[in-house]
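What follows is one structure encoded as structure tokens, with my remarks underneath.
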Amino acid sequence: MIADRSVIKTATTLATIEALNSACFCISLDPEALTRALDSEVGQPDLSEMIRDRCPFLFAAQPVFVAAPQLRRMAEVIQAVESVVALPAYREAVLSAAPNIARLGTKGPLGAFFGYDFHLHKGHLGLIEINTNAGGAMLNAVLARAQHACCTPLDSLVPTLDSVDRFEQQIVDMFRHEWRLSGMAGGTRALASVAIVDEIPTNQYLYPEFILFQQLFERHGLRAVIADPTALEWRDGQLWHDDLAIDLVYNRLTDFYLEQPRSAALREAYLHRAVVLTPHPQAHALYANKRHLALFSDPARLRELGVPEPTQRILLEHVPRTEVVDSADAARLWEARRNL
């Protein structure tokens, strides 16, 4: 697993899971296989050394187990959120309060790599964040190539190389699907180029993953670059990186609404619908603004939006009670901190 972020094992009952997580200290990570996967199988020499130097605690040595009923419940919570986001009343309320750029793109790309972050505790799960530029997928793919079963009963839980290959193909297919949904080039030309964009990408903690994405795209016939938004240029009705015209931007920026000066070229290209940006500003406005957790955990607001009662029950049970606060609430919250 990626430390503190992702789970890789599943089993059947909550009791079994709690026993495994409290008493199983087996090691499932093969460090030598991980080095080979990073340096050889993905075609990027010295990537393992970069990870050891820059982020040595990126990969956890031990697995975390999650019960199948918990996974099913996570899926139900995600479906509940999706059903609320699809409501016209919700979209009108959220988008009317968002920057103008978030109102673009009501059709087309859905947004790549949403992350629904859950905390698990004694059989209960809580949705604590929706992240529209979640990292870790490619790192998990590499990690899956370096796992071994720590005991015979877990043989069936270890990913196979074929399953990893299928997962990577699904990643590429997702980006091609975003391109097709956009209708760019009349829907007749295939996706040809991708820019992986973040602010000063070489300084980002997950920069090694950007390299893995670049290698993945190139293995599947796409030209791919890793770029700071200031390295992009808006000219002649296209977005450029040096002499490469960019079809699609895989957006890892936290400038969600492209408001910073350094995002100016990308903003112009997006406003002119000259590039596919995924995830895009509207995705953040609808899903990832953390203020939405206050809405998802408020029965009165859910009723006002016309959310069906079964959906309300799922959200109210699994989204921790959240409130939007300001400085006037500081004293009250500090007094109550031990009971929150």
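Residues in the structure tokens are named by chain (A, B, ... in the order shown) and by number from 1 within that chain; ligands are numbered from 1 in the order shown.
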
Determine, counting only C-alpha atoms, which protein, DNA and RNA residues have an atom within 12 Å of an atom of stretch 259-271 of chain A; residues of the same chain fewer than 5 positions away are not included. Present the result as a PDB file with C-alpha atoms, in the first residue's frame.
```
ATOM      1  CA  PRO A  99     -16.309  31.162  -9.818  1.00  0.00           C
ATOM      2  CA  ASN A 100     -17.585  31.690 -13.359  1.00  0.00           C
ATOM      3  CA  ILE A 101     -15.062  29.262 -14.821  1.00  0.00           C
ATOM      4  CA  ALA A 102     -16.727  26.430 -12.889  1.00  0.00           C
ATOM      5  CA  ARG A 103     -19.897  26.896 -14.904  1.00  0.00           C
ATOM      6  CA  LEU A 104     -18.165  25.795 -18.085  1.00  0.00           C
ATOM      7  CA  GLY A 105     -18.038  22.186 -19.116  1.00  0.00           C
ATOM      8  CA  SER A 182     -14.886  16.392 -25.142  1.00  0.00           C
ATOM      9  CA  ALA A 195       0.761  17.338 -20.439  1.00  0.00           C
ATOM     10  CA  VAL A 197       0.790  19.748 -15.070  1.00  0.00           C
ATOM     11  CA  ASP A 198       1.585  20.860 -11.542  1.00  0.00           C
ATOM     12  CA  GLU A 199       3.316  23.814  -9.964  1.00  0.00           C
ATOM     13  CA  ILE A 200       7.113  23.267 -10.103  1.00  0.00           C
ATOM     14  CA  ALA A 227       5.282  20.744 -17.003  1.00  0.00           C
ATOM     15  CA  ASP A 228       4.788  23.715 -14.735  1.00  0.00           C
ATOM     16  CA  PRO A 229       1.831  25.779 -15.991  1.00  0.00           C
ATOM     17  CA  THR A 230       4.243  28.639 -16.817  1.00  0.00           C
ATOM     18  CA  ALA A 231       5.925  26.338 -19.364  1.00  0.00           C
ATOM     19  CA  LEU A 232       2.686  26.264 -21.380  1.00  0.00           C
ATOM     20  CA  GLU A 233       1.952  28.835 -24.061  1.00  0.00           C
ATOM     21  CA  TRP A 234      -1.347  29.922 -25.593  1.00  0.00           C
ATOM     22  CA  ARG A 235      -0.790  30.802 -29.246  1.00  0.00           C
ATOM     23  CA  ASP A 236      -2.478  30.354 -32.601  1.00  0.00           C
ATOM     24  CA  GLY A 237      -5.578  28.982 -30.920  1.00  0.00           C
ATOM     25  CA  GLN A 238      -3.736  26.100 -29.271  1.00  0.00           C
ATOM     26  CA  LEU A 239      -1.955  25.239 -26.046  1.00  0.00           C
ATOM     27  CA  TRP A 240       1.733  24.504 -26.586  1.00  0.00           C
ATOM     28  CA  HIS A 241       4.638  23.084 -24.649  1.00  0.00           C
ATOM     29  CA  ALA A 245       0.599  21.043 -29.299  1.00  0.00           C
ATOM     30  CA  ILE A 246      -1.188  19.742 -26.213  1.00  0.00           C
ATOM     31  CA  ASP A 247      -4.445  17.836 -26.615  1.00  0.00           C
ATOM     32  CA  LEU A 248      -5.136  16.999 -22.975  1.00  0.00           C
ATOM     33  CA  VAL A 249      -3.860  18.307 -19.644  1.00  0.00           C
ATOM     34  CA  TYR A 250      -3.790  15.872 -16.738  1.00  0.00           C
ATOM     35  CA  ASN A 251      -4.359  18.473 -14.044  1.00  0.00           C
ATOM     36  CA  LEU A 253      -2.737  21.696  -9.763  1.00  0.00           C
ATOM     37  CA  THR A 254      -4.303  22.926  -6.542  1.00  0.00           C
ATOM     38  CA  VAL A 276      -9.211  18.971 -22.565  1.00  0.00           C
ATOM     39  CA  LEU A 277      -8.526  19.709 -18.901  1.00  0.00           C
ATOM     40  CA  THR A 278      -9.113  16.809 -16.545  1.00  0.00           C
ATOM     41  CA  PRO A 279     -10.082  17.147 -13.787  1.00  0.00           C
ATOM     42  CA  HIS A 280     -11.614  20.548 -14.532  1.00  0.00           C
ATOM     43  CA  PRO A 281     -12.879  23.461 -12.392  1.00  0.00           C
ATOM     44  CA  GLN A 282     -16.483  22.313 -12.416  1.00  0.00           C
TER      45      GLN A 282
END
```

query = Quick one: residues within 10 Å of stretch 115-120 of chain A, only C-alpha atoms counted, chain neighbours fewer than 2 positions away excluded, as a ChimeraX atom specification?
reply = /A:5-6,66,70,74-75,77-78,112-113,122-137,287-288,318-319

Let's have the selection written as a tab-separated table (two decimals), in the first residue's frame, with C-alpha atoms.
```
chain	number	residue	atom	x	y	z
A	5	ARG	CA	-3.51	6.50	1.83
A	6	SER	CA	-4.62	3.27	0.20
A	66	VAL	CA	-10.57	-4.14	4.54
A	70	GLN	CA	-16.96	-2.22	4.12
A	74	MET	CA	-18.02	2.63	0.42
A	75	ALA	CA	-19.54	2.03	-3.00
A	77	VAL	CA	-21.71	6.14	-0.13
A	78	ILE	CA	-20.08	7.07	-3.44
A	112	ALA	CA	-9.92	11.82	-14.01
A	113	PHE	CA	-8.99	10.17	-10.71
A	122	LYS	CA	-13.89	-0.34	14.62
A	123	GLY	CA	-16.14	-1.32	11.75
A	124	HIS	CA	-17.40	2.20	11.08
A	125	LEU	CA	-16.36	4.22	8.06
A	126	GLY	CA	-16.52	7.95	7.45
A	127	LEU	CA	-16.11	9.92	4.23
A	128	ILE	CA	-13.68	12.70	5.14
A	129	GLU	CA	-12.75	14.12	1.71
A	130	ILE	CA	-13.47	14.01	-2.00
A	131	ASN	CA	-10.33	14.78	-3.95
A	132	THR	CA	-10.46	15.60	-7.66
A	133	ASN	CA	-6.71	15.42	-8.21
A	134	ALA	CA	-5.92	12.40	-6.11
A	135	GLY	CA	-2.48	10.84	-6.45
A	136	GLY	CA	-1.24	7.31	-5.94
A	137	ALA	CA	-2.78	5.20	-8.71
A	287	TYR	CA	-17.39	17.48	-5.58
A	288	ALA	CA	-14.21	18.55	-3.85
A	318	HIS	CA	-21.18	7.92	6.89
A	319	VAL	CA	-20.29	11.61	6.52
```

inquiry  = Let's see if you can do this: from backbone DSSP, list all strand (DSSP E or B) residues in stretch 56-300 of chain A, as number ranges by chain.
reply    = A: 59, 65-67, 115-121, 124-131, 147, 193-197, 223-227, 232-235, 238-241, 244-245, 248-251, 276-278

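Non-sequential neighbours of stretch 201-208 of chain A (distance at most 10 Å, separation of 5 or more positions within a chain, only C-alpha atoms) are A:Leu38, A:Gln44, A:Leu47, A:Ser48, A:Met50, A:Ile51, A:Arg54, A:Cys55, A:Leu58, A:Gly135, A:Gly136, A:Met138, A:Leu139, A:Ile196, A:Phe213, A:Gln214, A:Ile226, A:Ala227, A:Asp228, A:Pro229, A:Arg252, A:Leu253.
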
Write a file of the selected residues as an mmCIF file, in the first residue's frame, keeping C-alpha atoms.
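Final output, saved to again-v1.cif:
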```cif
data_model
loop_
_atom_site.group_PDB
_atom_site.id
_atom_site.type_symbol
_atom_site.label_atom_id
_atom_site.label_comp_id
_atom_site.auth_asym_id
_atom_site.auth_seq_id
_atom_site.Cartn_x
_atom_site.Cartn_y
_atom_site.Cartn_z
ATOM 1 C CA LEU A 38 10.567 0.990 -10.641
ATOM 2 C CA GLN A 44 12.779 4.500 -15.748
ATOM 3 C CA LEU A 47 13.476 5.974 -10.050
ATOM 4 C CA SER A 48 13.775 3.740 -6.985
ATOM 5 C CA MET A 50 14.796 8.994 -6.269
ATOM 6 C CA ILE A 51 11.972 7.620 -4.132
ATOM 7 C CA ARG A 54 12.953 12.073 -1.557
ATOM 8 C CA CYS A 55 10.105 10.124 0.010
ATOM 9 C CA LEU A 58 6.001 6.383 0.554
ATOM 10 C CA GLY A 135 -2.482 10.844 -6.455
ATOM 11 C CA GLY A 136 -1.238 7.309 -5.943
ATOM 12 C CA MET A 138 0.458 4.589 -10.629
ATOM 13 C CA LEU A 139 2.425 4.082 -7.433
ATOM 14 C CA ILE A 196 0.991 16.358 -16.769
ATOM 15 C CA PHE A 213 2.436 8.476 -15.766
ATOM 16 C CA GLN A 214 4.668 9.912 -18.483
ATOM 17 C CA ILE A 226 5.623 16.993 -17.339
ATOM 18 C CA ALA A 227 5.282 20.744 -17.003
ATOM 19 C CA ASP A 228 4.788 23.715 -14.735
ATOM 20 C CA PRO A 229 1.831 25.779 -15.991
ATOM 21 C CA ARG A 252 -2.564 17.999 -10.704
ATOM 22 C CA LEU A 253 -2.737 21.696 -9.763
#
```

message = Taking the DSSP secondary structure from the backbone, can you list the residues of stretch 151-337 of chain A that are helix (DSSP H, G or I), as a ChimeraX atom specification?
response = /A:152-157,161-182,184-187,201-203,207-219,229-231,261-271,281-288,292-296,299-304,309-318,327-335,337

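For the atom pair formed by atom CA of A:Ala61 and atom CA of A:Leu29, the distance is 5.3 Å, given to one decimal.
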
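Across the structure, atom CA of A:Phe65 and atom CA of A:Ala19 are spaced 9.7 Å apart.
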